[in-house]
file start25.tsv (TSV, C-alpha atoms)
chain	number	residue	atom	x	y	z
W	503	MET	CA	90.40	77.22	98.12
W	504	ALA	CA	92.62	79.26	100.48
W	505	ARG	CA	95.01	81.76	98.92
W	506	SER	CA	98.57	82.17	100.16
W	507	PRO	CA	99.81	85.58	101.38
W	508	ARG	CA	102.09	85.66	98.32
W	509	HIS	CA	99.14	85.10	95.99
W	510	ARG	CA	97.06	87.77	97.73
W	511	ARG	CA	99.93	90.27	97.50
W	512	SER	CA	100.35	89.53	93.80
W	513	ARG	CA	96.68	90.30	93.26
W	514	THR	CA	96.93	93.51	95.30
W	515	LEU	CA	99.90	94.73	93.25
W	516	SER	CA	98.37	93.49	89.97
W	517	GLN	CA	101.32	91.13	89.45
W	518	ASN	CA	101.22	88.39	86.84
W	519	PHE	CA	104.62	86.73	86.53
W	520	LEU	CA	105.79	85.43	83.16
W	521	THR	CA	106.72	81.75	83.45
W	522	ASP	CA	107.75	80.66	79.94
W	523	ARG	CA	111.42	81.05	78.97
W	524	ALA	CA	110.71	80.86	75.23
W	525	THR	CA	108.26	83.75	75.56
W	526	ALA	CA	110.85	85.76	77.50
W	527	ALA	CA	113.38	85.12	74.72
W	528	ARG	CA	110.87	86.29	72.08
W	529	PHE	CA	110.26	89.42	74.12
W	530	VAL	CA	113.98	90.20	74.14
W	531	ARG	CA	114.08	89.89	70.35
W	532	SER	CA	111.09	92.24	70.10
W	533	ALA	CA	112.65	94.79	72.47
W	534	ARG	CA	115.93	94.84	70.50
W	535	PRO	CA	117.98	96.26	73.41
W	536	ASP	CA	121.11	98.20	72.54
W	537	PRO	CA	124.08	96.07	73.68
W	538	THR	CA	125.96	99.28	74.52
W	539	GLY	CA	122.99	101.07	76.06
W	540	LEU	CA	121.18	101.70	79.31
W	541	LEU	CA	118.03	99.68	80.00
W	542	LEU	CA	115.42	100.25	82.71
W	543	GLU	CA	113.04	97.45	83.67
W	544	VAL	CA	109.63	98.01	85.23
W	545	GLY	CA	108.65	95.40	87.81
W	546	PRO	CA	111.16	92.58	87.27
W	547	GLY	CA	109.15	90.34	89.61
W	548	LYS	CA	110.89	86.97	89.79
W	549	GLY	CA	113.40	87.85	87.08
W	550	ALA	CA	112.10	85.99	84.01
W	551	LEU	CA	112.71	88.95	81.72
W	552	THR	CA	115.63	90.32	83.71
W	553	THR	CA	117.78	87.23	83.28
W	554	ALA	CA	116.92	87.06	79.58
W	555	LEU	CA	117.73	90.75	79.04
W	556	ALA	CA	120.93	90.91	81.09
W	557	PRO	CA	123.30	89.62	78.37
W	558	HIS	CA	121.99	92.16	75.87
W	559	CYS	CA	122.78	95.55	77.44
W	560	ARG	CA	125.61	97.51	78.99
W	561	GLU	CA	123.65	98.38	82.13
W	562	LEU	CA	120.30	97.21	83.42
W	563	ARG	CA	118.43	98.94	86.27
W	564	ALA	CA	115.49	96.92	87.53
W	565	TYR	CA	112.87	98.61	89.74
W	566	GLU	CA	110.71	96.32	91.88
W	567	ILE	CA	107.99	97.72	94.15
W	568	ASP	CA	107.43	94.45	96.03
W	569	SER	CA	109.96	94.26	98.88
W	570	GLY	CA	109.30	90.54	99.28
W	571	LEU	CA	110.76	89.78	95.85
W	572	VAL	CA	113.89	91.92	96.00
W	573	PRO	CA	116.29	89.67	98.05
W	574	GLU	CA	115.78	86.61	95.85
W	575	LEU	CA	116.01	88.72	92.71
W	576	ARG	CA	119.31	90.22	93.82
W	577	SER	CA	120.63	86.76	94.65
W	578	THR	CA	119.59	85.43	91.24
W	579	LEU	CA	121.40	88.27	89.49
W	580	ALA	CA	124.48	88.40	91.73
W	581	ALA	CA	126.68	87.08	88.93
W	582	SER	CA	125.69	90.01	86.68
W	583	PRO	CA	127.34	93.12	88.20
W	584	HIS	CA	125.97	95.36	85.45
W	585	VAL	CA	122.43	94.59	86.68
W	586	ARG	CA	121.18	96.54	89.69
W	587	VAL	CA	117.92	95.82	91.48
W	588	TYR	CA	116.21	98.71	93.26
W	589	GLU	CA	113.30	98.45	95.69
W	590	ARG	CA	111.37	101.33	94.22
W	591	ASP	CA	108.11	102.30	92.55
W	592	PHE	CA	109.14	102.86	88.96
W	593	VAL	CA	107.05	105.99	88.39
W	594	THR	CA	108.87	107.76	91.24
W	595	VAL	CA	112.25	107.33	89.56
W	596	ARG	CA	113.85	110.37	87.96
W	597	PRO	CA	114.45	109.64	84.25
W	598	PRO	CA	118.11	109.36	83.24
W	599	ARG	CA	119.62	112.19	81.23
W	600	GLU	CA	121.45	109.85	78.88
W	601	PRO	CA	119.56	107.92	76.17
W	602	PHE	CA	117.83	104.86	77.58
W	603	ALA	CA	115.13	102.30	76.84
W	604	VAL	CA	112.42	100.82	79.07
W	605	VAL	CA	111.18	97.23	79.18
W	606	GLY	CA	108.88	95.37	81.47
W	607	ASN	CA	105.93	93.16	82.26
W	608	VAL	CA	103.69	95.98	83.44
W	609	PRO	CA	101.04	95.56	86.17
W	610	PHE	CA	97.82	95.93	84.19
W	611	SER	CA	96.28	98.31	86.71
W	612	ARG	CA	99.24	100.72	86.45
W	613	THR	CA	99.85	100.69	82.71
W	614	ALA	CA	98.64	104.22	81.95
W	615	GLY	CA	100.86	105.83	84.60
W	616	ILE	CA	103.93	103.91	83.46
W	617	VAL	CA	103.34	104.78	79.81
W	618	ASP	CA	102.87	108.44	80.76
W	619	TRP	CA	106.20	108.32	82.63
W	620	CYS	CA	107.87	106.98	79.49
W	621	LEU	CA	106.31	109.63	77.26
W	622	GLY	CA	107.46	112.37	79.62
W	623	ALA	CA	111.09	111.20	79.68
W	624	SER	CA	112.93	113.28	77.09
W	625	ALA	CA	115.91	110.92	76.80
W	626	LEU	CA	113.77	107.80	76.27
W	627	THR	CA	114.42	106.12	72.93
W	628	ASP	CA	111.81	103.37	73.17
W	629	ALA	CA	109.70	101.30	75.55
W	630	THR	CA	108.68	97.68	74.98
W	631	LEU	CA	106.03	96.65	77.49
W	632	ILE	CA	103.84	93.66	78.20
W	633	THR	CA	100.40	95.15	78.81
W	634	GLN	CA	96.80	94.06	78.81
W	635	LEU	CA	96.04	93.10	75.21
W	636	GLU	CA	93.08	95.46	74.96
W	637	TYR	CA	95.23	98.41	76.04
W	638	ALA	CA	97.90	97.60	73.43
W	639	ARG	CA	95.31	97.20	70.68
W	640	LYS	CA	93.57	100.44	71.62
W	641	ARG	CA	96.79	102.46	71.61
W	642	THR	CA	98.03	101.06	68.28
W	643	GLY	CA	94.83	101.32	66.25
W	644	ASP	CA	94.44	97.55	66.04
W	645	PHE	CA	90.69	97.88	66.60
W	646	GLY	CA	90.47	100.18	63.56
W	647	CYS	CA	90.20	103.26	65.75
W	648	TRP	CA	92.70	105.49	67.52
W	649	SER	CA	92.80	107.03	70.98
W	650	LEU	CA	93.46	110.66	71.86
W	651	ARG	CA	96.78	109.69	73.46
W	652	THR	CA	97.98	108.00	70.29
W	653	VAL	CA	96.95	110.79	67.94
W	654	GLU	CA	98.29	113.66	70.03
W	655	THR	CA	101.72	112.02	70.39
W	656	TRP	CA	101.95	110.61	66.86
W	657	PRO	CA	104.25	113.31	65.43
W	658	CYS	CA	106.90	112.35	68.01
W	659	VAL	CA	106.09	108.74	68.91
W	660	GLU	CA	105.24	105.58	66.96
W	661	TRP	CA	102.94	103.03	68.63
W	662	ARG	CA	103.09	99.37	67.51
W	663	LEU	CA	101.61	96.06	68.62
W	664	LEU	CA	104.38	93.48	68.34
W	665	GLY	CA	102.58	90.36	69.49
W	666	ARG	CA	100.22	88.58	71.81
W	667	ILE	CA	100.92	86.47	74.92
W	668	GLY	CA	98.31	84.01	76.15
W	669	ARG	CA	97.11	84.54	79.69
W	670	ARG	CA	98.10	81.03	80.78
W	671	GLU	CA	101.77	81.89	80.39
W	672	PHE	CA	101.50	83.97	83.59
W	673	ARG	CA	101.13	83.12	87.27
W	674	PRO	CA	98.72	83.98	88.75
W	675	VAL	CA	96.73	83.55	85.54
W	676	PRO	CA	95.10	86.90	84.62
W	677	ARG	CA	91.60	87.10	83.20
W	678	VAL	CA	92.76	88.34	79.80
W	679	ASP	CA	95.61	87.86	77.34
W	680	ALA	CA	98.53	90.27	77.12
W	681	GLY	CA	100.06	92.20	74.26
W	682	VAL	CA	103.59	93.41	73.55
W	683	LEU	CA	103.39	97.18	73.06
W	684	ARG	CA	106.25	99.13	71.48
W	685	VAL	CA	106.40	102.90	72.01
W	686	GLU	CA	109.27	104.32	69.98
W	687	ARG	CA	110.37	107.95	69.89
W	688	ARG	CA	110.93	109.12	66.34
W	689	PRO	CA	114.53	110.19	65.60
W	690	ARG	CA	113.03	113.12	63.73
W	691	PRO	CA	109.49	114.35	64.58
W	692	LEU	CA	106.96	114.46	61.77
W	693	LEU	CA	106.27	118.12	62.57
W	694	PRO	CA	108.61	121.01	63.44
W	695	ALA	CA	108.73	121.75	67.16
W	696	ALA	CA	107.09	125.14	66.58
W	697	GLN	CA	103.97	123.44	65.17
W	698	LEU	CA	103.45	120.79	67.84
W	699	ALA	CA	101.39	122.94	70.19
W	700	ASP	CA	98.98	123.97	67.40
W	701	TYR	CA	98.69	120.34	66.27
W	702	ARG	CA	97.82	119.19	69.80
W	703	ARG	CA	95.23	121.95	70.18
W	704	LEU	CA	93.59	120.81	66.95
W	705	VAL	CA	93.52	117.21	68.20
W	706	ALA	CA	92.09	118.28	71.57
W	707	VAL	CA	89.28	120.20	69.88
W	708	GLY	CA	88.51	117.26	67.60
W	709	PHE	CA	88.36	114.76	70.45
W	710	ALA	CA	86.19	117.09	72.56
W	711	GLY	CA	83.30	115.86	70.41
W	712	VAL	CA	81.17	118.98	70.67
W	713	GLY	CA	79.68	118.58	67.20
W	714	GLY	CA	79.16	114.86	66.76
W	715	SER	CA	81.42	114.30	63.75
W	716	LEU	CA	85.00	115.54	63.59
W	717	TYR	CA	84.02	117.95	60.81
W	718	ALA	CA	81.22	119.44	62.91
W	719	SER	CA	83.45	119.76	65.97
W	720	LEU	CA	86.15	121.62	64.04
W	721	HIS	CA	83.60	123.87	62.36
W	722	ARG	CA	82.04	124.81	65.69
W	723	SER	CA	85.50	125.71	66.99
W	724	GLY	CA	85.82	128.42	64.33
W	725	HIS	CA	87.29	126.79	61.22
W	726	PRO	CA	85.45	128.01	58.08
W	727	ARG	CA	83.74	125.40	55.94
W	728	ARG	CA	85.78	126.22	52.82
W	729	ARG	CA	89.05	125.52	54.66
W	730	LEU	CA	87.60	122.40	56.31
W	731	ASP	CA	86.38	121.07	52.96
W	732	ALA	CA	89.86	121.47	51.49
W	733	ALA	CA	91.46	119.80	54.52
W	734	PHE	CA	89.06	116.84	54.60
W	735	ASP	CA	89.43	116.32	50.86
W	736	ALA	CA	93.23	116.35	51.15
W	737	ALA	CA	93.15	113.93	54.08
W	738	ARG	CA	90.51	111.73	52.40
W	739	VAL	CA	88.29	111.86	55.47
W	740	ASP	CA	84.52	111.68	55.18
W	741	ARG	CA	82.66	114.73	56.52
W	742	ALA	CA	80.55	112.45	58.76
W	743	GLU	CA	83.47	110.50	60.21
W	744	ILE	CA	83.59	110.04	63.98
W	745	VAL	CA	86.84	111.28	65.49
W	746	ALA	CA	88.08	107.90	66.77
W	747	PHE	CA	88.12	106.48	63.23
W	748	VAL	CA	90.40	109.17	61.79
W	749	PRO	CA	93.93	107.73	61.52
W	750	PRO	CA	96.96	109.68	62.77
W	751	GLY	CA	98.31	110.28	59.26
W	752	ALA	CA	95.07	112.02	58.30
W	753	TRP	CA	95.39	114.30	61.31
W	754	LEU	CA	98.76	115.48	60.04
W	755	THR	CA	97.19	116.41	56.71
W	756	LEU	CA	94.27	118.17	58.39
W	757	HIS	CA	96.71	120.19	60.46
W	758	ALA	CA	98.85	121.05	57.43
W	759	VAL	CA	95.91	122.45	55.46
W	760	LEU	CA	94.13	124.17	58.37
W	761	SER	CA	97.30	125.85	59.60
W	762	ARG	CA	98.05	127.60	56.30
W	763	SER	CA	97.64	131.35	56.49
call {"tool": "encode", "arguments": {"input": "start25.tsv", "output": "C-alpha cells"}}
result
Amino acid sequence: MARSPRHRRSRTLSQNFLTDRATAARFVRSARPDPTGLLLEVGPGKGALTTALAPHCRELRAYEIDSGLVPELRSTLAASPHVRVYERDFVTVRPPREPFAVVGNVPFSRTAGIVDWCLGASALTDATLITQLEYARKRTGDFGCWSLRTVETWPCVEWRLLGRIGRREFRPVPRVDAGVLRVERRPRPLLPAAQLADYRRLVAVGFAGVGGSLYASLHRSGHPRRRLDAAFDAARVDRAEIVAFVPPGAWLTLHAVLSRS
C-alpha cells in the first residue's frame, strides 16, 4: 500500500498524533496546568492537546518542528490570542526565566533529549509528557528497578507514571503503547545544595558496576567495609543487591551514612 508524503514525513519525524478528545481531556487533568501560569508545549502537531490546554493557562507557547503543520495549527488557534505557535525545534528554545511548565506528546525517538532539556531548565516546575510506555516505566521504577537518570536526580525531581494510552489512539498507529510521564521539581530538595555533588558522585560510582553488586562497587571505590555495613543496614539493602534494584530512597540513606565524618 502506497504511503502519502504526509505519512512518510510523520514517520521521519517520529510523529504519532493523538486523535481521541477524551484522552486529551484526561491528559489535561493529569498535567494540572496553572491557570495563571506559563505553559510550553512540545510538538503540538495537529492541536489535539493544544486546544484542550488553551483554556487552562495564562499563556501557551507551542513549538512545532514540522513546517507543514504550522499554518493550519495557527488558523485553528486564531481565536486564542494567548496561544502562540512557533515553527521551532523545542530543544533549541532558550528556557524562560519565569516559572513555567512543559507538556506535550513527545516524538518517541527524541524523548531523552526533550527530558534532558526540561531537567536543565532551572525555572521549570513540572513536565507532563506522553512518551513511549517503556521509557515512562523505566524512569519511574515501574519495572521494579531504577535508572541512573532517575536516581541521580531524585533529590531534586520526582518521577511518576500517571497513566497509559493505547497505541490505537494515535495516527499513525505506533508499534507500542504510550505512557503519561510526570517529572516534577521538588519545591524543596531532599538534600542541601552543598551535598548534591557528593550524592551524584556516589550514584555514578555505584552505577559504574565495577564490582558486580552495589556493595562491591562502593567498596572497590574506597569505602571501608565497616562504614558500608552500617550504611547498607540503615538503608535495608542486601549486600548482594544489583544497583538497578536499589530504590532512590535507599540511596539517600546510603549517602547520609557514608558522608558522615
call {"tool": "closest_residue", "arguments": {"input": "start25.tsv", "among": "W:Leu575, W:Ile567, W:Ala580, W:Val712", "to": "Val595 (chain W)", "atoms": "only C-alpha atoms"}}
result
W:Ile567
call {"tool": "closest_atom_pairs", "arguments": {"input": "start25.tsv", "of": "region 526-601 of chain W", "to": "region 610-620 of chain W", "cutoff": "12 Å", "atoms": "only C-alpha atoms", "output": "CSV"}}
result
residue,atom,partner,partner_atom,distance
W:Leu542,CA,W:Cys620,CA,10.6
W:Glu543,CA,W:Ile616,CA,11.2
W:Val544,CA,W:Ile616,CA,8.4
W:Gly545,CA,W:Ile616,CA,10.7
W:Asp591,CA,W:Ile616,CA,10.1
W:Phe592,CA,W:Ile616,CA,7.6
W:Val593,CA,W:Ile616,CA,6.2
W:Thr594,CA,W:Trp619,CA,9.0
W:Val595,CA,W:Trp619,CA,9.3
W:Arg596,CA,W:Trp619,CA,9.5
W:Pro597,CA,W:Trp619,CA,8.5
W:Pro598,CA,W:Cys620,CA,11.2
call {"tool": "write_last_selection", "arguments": {"input": "start25.tsv", "atoms": "C-alpha atoms", "output": "tab-separated table (two decimals), in the frame of the given file"}}
result
chain	number	residue	atom	x	y	z
W	542	LEU	CA	115.42	100.25	82.71
W	543	GLU	CA	113.04	97.45	83.67
W	544	VAL	CA	109.63	98.01	85.23
W	545	GLY	CA	108.65	95.40	87.81
W	591	ASP	CA	108.11	102.30	92.55
W	592	PHE	CA	109.14	102.86	88.96
W	593	VAL	CA	107.05	105.99	88.39
W	594	THR	CA	108.87	107.76	91.24
W	595	VAL	CA	112.25	107.33	89.56
W	596	ARG	CA	113.85	110.37	87.96
W	597	PRO	CA	114.45	109.64	84.25
W	598	PRO	CA	118.11	109.36	83.24
call {"tool": "atom_distance", "arguments": {"input": "start25.tsv", "atom1": "CA of Thr755 (chain W)", "atom2": "CA of Arg738 (chain W)"}}
result
9.2 Å
call {"tool": "atom_distance", "arguments": {"input": "start25.tsv", "atom1": "CA of Pro546 (chain W)", "atom2": "CA of Gly606 (chain W)"}}
result
6.8 Å
call {"tool": "closest_residue", "arguments": {"input": "start25.tsv", "among": "W:Gly668, W:Gly724, W:Pro750, W:Gly714", "to": "Leu692 (chain W)", "atoms": "only C-alpha atoms"}}
result
W:Pro750
call {"tool": "residues_near_point", "arguments": {"input": "start25.tsv", "point": "(103.5, 113.1, 66.8)", "cutoff": "9 Å", "atoms": "all atoms listed in the file", "output": "short mmCIF file (atom, residue, chain, number, x, y, z; two decimals) with C-alpha atoms, in the coordinates of the input"}}
result
data_model
loop_
_atom_site.label_atom_id
_atom_site.label_comp_id
_atom_site.auth_asym_id
_atom_site.auth_seq_id
_atom_site.Cartn_x
_atom_site.Cartn_y
_atom_site.Cartn_z
CA THR W 652 97.98 108.00 70.29
CA VAL W 653 96.95 110.79 67.94
CA GLU W 654 98.29 113.66 70.03
CA THR W 655 101.72 112.02 70.39
CA TRP W 656 101.95 110.61 66.86
CA PRO W 657 104.25 113.31 65.43
CA CYS W 658 106.90 112.35 68.01
CA VAL W 659 106.09 108.74 68.91
CA GLU W 660 105.24 105.58 66.96
CA ARG W 688 110.93 109.12 66.34
CA PRO W 691 109.49 114.35 64.58
CA LEU W 692 106.96 114.46 61.77
CA LEU W 693 106.27 118.12 62.57
CA LEU W 698 103.45 120.79 67.84
CA TYR W 701 98.69 120.34 66.27
CA ARG W 702 97.82 119.19 69.80
CA PRO W 750 96.96 109.68 62.77
CA LEU W 754 98.76 115.48 60.04
#
call {"tool": "residues_around", "arguments": {"input": "start25.tsv", "residues": "Leu760 (chain W)", "least_positions_apart": "2", "cutoff": "7 Å", "atoms": "all atoms listed in the file", "output": "JSON, numbers by chain"}}
result
{"W": [729, 733, 756, 757, 758, 762]}
call {"tool": "atom_distance", "arguments": {"input": "start25.tsv", "atom1": "CA of Leu683 (chain W)", "atom2": "CA of Thr553 (chain W)"}}
result
20.3 Å
call {"tool": "closest_residue", "arguments": {"input": "start25.tsv", "among": "W:Val748, W:Leu663, W:Ala527, W:Leu716", "to": "Leu635 (chain W)", "atoms": "only C-alpha atoms"}}
result
W:Leu663
call {"tool": "closest_residue", "arguments": {"input": "start25.tsv", "among": "W:Ala533, W:Ser761, W:Ile744, W:Gly665", "to": "Gln697 (chain W)", "atoms": "all atoms listed in the file"}}
result
W:Ser761
call {"tool": "residues_around", "arguments": {"input": "start25.tsv", "residues": "region 628-632 of chain W", "least_positions_apart": "2", "cutoff": "8 Å", "atoms": "all atoms listed in the file", "output": "PyMOL selection string"}}
result
chain W and resi 532-533+602-608+620+626+634+680-687
call {"tool": "closest_residue", "arguments": {"input": "start25.tsv", "among": "W:Leu540, W:Ala695, W:Ala581, W:Ala550", "to": "Leu562 (chain W)", "atoms": "all atoms listed in the file"}}
result
W:Leu540
call {"tool": "closest_residue", "arguments": {"input": "start25.tsv", "among": "W:Gly643, W:Gly570, W:Pro749, W:Gly539", "to": "Val705 (chain W)", "atoms": "all atoms listed in the file"}}
result
W:Pro749
call {"tool": "residues_around", "arguments": {"input": "start25.tsv", "residues": "Arg741 (chain W)", "least_positions_apart": "4", "cutoff": "9 Å", "atoms": "only C-alpha atoms", "output": "PyMOL selection string"}}
result
chain W and resi 715-718+731+734-735
call {"tool": "decode", "arguments": {"input": "start25.tsv", "residues": "region 557-568 of chain W", "atoms": "all heavy atoms", "output": "mmCIF file, in the first residue's frame"}}
result
data_model
loop_
_atom_site.group_PDB
_atom_site.id
_atom_site.type_symbol
_atom_site.label_atom_id
_atom_site.label_comp_id
_atom_site.auth_asym_id
_atom_site.auth_seq_id
_atom_site.Cartn_x
_atom_site.Cartn_y
_atom_site.Cartn_z
ATOM 1 N N PRO W 557 -7.648 26.677 27.387
ATOM 2 C CA PRO W 557 -8.476 27.362 28.387
ATOM 3 C C PRO W 557 -7.923 27.308 29.810
ATOM 4 O O PRO W 557 -8.490 27.925 30.714
ATOM 5 C CB PRO W 557 -9.815 26.607 28.309
ATOM 6 C CG PRO W 557 -9.778 25.836 27.036
ATOM 7 C CD PRO W 557 -8.340 25.509 26.824
ATOM 8 N N HIS W 558 -6.822 26.582 30.003
ATOM 9 C CA HIS W 558 -6.365 26.304 31.364
ATOM 10 C C HIS W 558 -5.034 26.966 31.719
ATOM 11 O O HIS W 558 -4.384 26.558 32.685
ATOM 12 C CB HIS W 558 -6.253 24.789 31.568
ATOM 13 C CG HIS W 558 -7.541 24.059 31.351
ATOM 14 N ND1 HIS W 558 -8.532 23.999 32.314
ATOM 15 C CD2 HIS W 558 -8.009 23.389 30.266
ATOM 16 C CE1 HIS W 558 -9.543 23.300 31.848
ATOM 17 N NE2 HIS W 558 -9.258 22.919 30.612
ATOM 18 N N CYS W 559 -4.619 27.984 30.987
ATOM 19 C CA CYS W 559 -3.354 28.657 31.295
ATOM 20 C C CYS W 559 -3.426 30.119 30.872
ATOM 21 O O CYS W 559 -4.253 30.502 30.042
ATOM 22 C CB CYS W 559 -2.181 27.953 30.618
ATOM 23 S SG CYS W 559 -2.304 27.900 28.817
ATOM 24 N N ARG W 560 -2.538 30.893 31.450
ATOM 25 C CA ARG W 560 -2.468 32.318 31.094
ATOM 26 C C ARG W 560 -1.824 32.516 29.733
ATOM 27 O O ARG W 560 -2.243 33.351 28.941
ATOM 28 C CB ARG W 560 -1.660 33.061 32.169
ATOM 29 C CG ARG W 560 -1.272 34.500 31.784
ATOM 30 C CD ARG W 560 -0.455 35.168 32.881
ATOM 31 N NE ARG W 560 0.745 34.439 33.223
ATOM 32 C CZ ARG W 560 1.899 34.530 32.566
ATOM 33 N NH1 ARG W 560 1.998 35.300 31.488
ATOM 34 N NH2 ARG W 560 2.948 33.840 32.952
ATOM 35 N N GLU W 561 -0.777 31.745 29.463
ATOM 36 C CA GLU W 561 -0.054 31.846 28.194
ATOM 37 C C GLU W 561 0.440 30.476 27.794
ATOM 38 O O GLU W 561 0.972 29.725 28.616
ATOM 39 C CB GLU W 561 1.131 32.812 28.320
ATOM 40 C CG GLU W 561 1.917 32.985 27.033
ATOM 41 C CD GLU W 561 3.129 33.897 27.182
ATOM 42 O OE1 GLU W 561 3.306 34.476 28.281
ATOM 43 O OE2 GLU W 561 3.895 34.024 26.213
ATOM 44 N N LEU W 562 0.266 30.154 26.516
ATOM 45 C CA LEU W 562 0.706 28.868 25.990
ATOM 46 C C LEU W 562 1.578 29.107 24.757
ATOM 47 O O LEU W 562 1.146 29.731 23.782
ATOM 48 C CB LEU W 562 -0.500 28.004 25.615
ATOM 49 C CG LEU W 562 -0.236 26.662 24.909
ATOM 50 C CD1 LEU W 562 0.726 25.797 25.708
ATOM 51 C CD2 LEU W 562 -1.549 25.933 24.677
ATOM 52 N N ARG W 563 2.817 28.609 24.811
ATOM 53 C CA ARG W 563 3.740 28.689 23.679
ATOM 54 C C ARG W 563 3.932 27.282 23.129
ATOM 55 O O ARG W 563 4.447 26.409 23.836
ATOM 56 C CB ARG W 563 5.076 29.279 24.104
ATOM 57 C CG ARG W 563 4.974 30.671 24.730
ATOM 58 C CD ARG W 563 6.317 31.127 25.274
ATOM 59 N NE ARG W 563 6.184 32.352 26.069
ATOM 60 C CZ ARG W 563 7.181 32.877 26.806
ATOM 61 N NH1 ARG W 563 8.380 32.290 26.806
ATOM 62 N NH2 ARG W 563 6.967 33.966 27.514
ATOM 63 N N ALA W 564 3.512 27.085 21.899
ATOM 64 C CA ALA W 564 3.573 25.764 21.276
ATOM 65 C C ALA W 564 4.674 25.758 20.214
ATOM 66 O O ALA W 564 4.681 26.606 19.317
ATOM 67 C CB ALA W 564 2.226 25.418 20.655
ATOM 68 N N TYR W 565 5.578 24.781 20.303
ATOM 69 C CA TYR W 565 6.729 24.710 19.403
ATOM 70 C C TYR W 565 6.601 23.479 18.503
ATOM 71 O O TYR W 565 6.675 22.341 18.982
ATOM 72 C CB TYR W 565 8.024 24.657 20.206
ATOM 73 C CG TYR W 565 8.271 25.917 21.005
ATOM 74 C CD1 TYR W 565 7.822 26.023 22.324
ATOM 75 C CD2 TYR W 565 8.919 27.011 20.441
ATOM 76 C CE1 TYR W 565 8.030 27.186 23.055
ATOM 77 C CE2 TYR W 565 9.130 28.164 21.164
ATOM 78 C CZ TYR W 565 8.681 28.256 22.468
ATOM 79 O OH TYR W 565 8.889 29.409 23.189
ATOM 80 N N GLU W 566 6.422 23.736 17.207
ATOM 81 C CA GLU W 566 6.234 22.667 16.234
ATOM 82 C C GLU W 566 7.383 22.671 15.217
ATOM 83 O O GLU W 566 7.640 23.680 14.572
ATOM 84 C CB GLU W 566 4.900 22.841 15.520
ATOM 85 C CG GLU W 566 4.642 21.839 14.413
ATOM 86 C CD GLU W 566 4.777 20.404 14.904
ATOM 87 O OE1 GLU W 566 4.081 20.030 15.884
ATOM 88 O OE2 GLU W 566 5.596 19.665 14.317
ATOM 89 N N ILE W 567 8.054 21.542 15.076
ATOM 90 C CA ILE W 567 9.202 21.433 14.183
ATOM 91 C C ILE W 567 8.776 21.223 12.727
ATOM 92 O O ILE W 567 9.527 21.535 11.792
ATOM 93 C CB ILE W 567 10.127 20.277 14.648
ATOM 94 C CG1 ILE W 567 11.484 20.370 13.956
ATOM 95 C CG2 ILE W 567 9.479 18.930 14.404
ATOM 96 C CD1 ILE W 567 12.494 19.365 14.495
ATOM 97 N N ASP W 568 7.569 20.723 12.519
ATOM 98 C CA ASP W 568 7.094 20.390 11.181
ATOM 99 C C ASP W 568 6.434 21.613 10.549
ATOM 100 O O ASP W 568 5.312 21.996 10.904
ATOM 101 C CB ASP W 568 6.104 19.232 11.269
ATOM 102 C CG ASP W 568 5.695 18.693 9.908
ATOM 103 O OD1 ASP W 568 5.939 19.383 8.897
ATOM 104 O OD2 ASP W 568 5.140 17.579 9.863
#
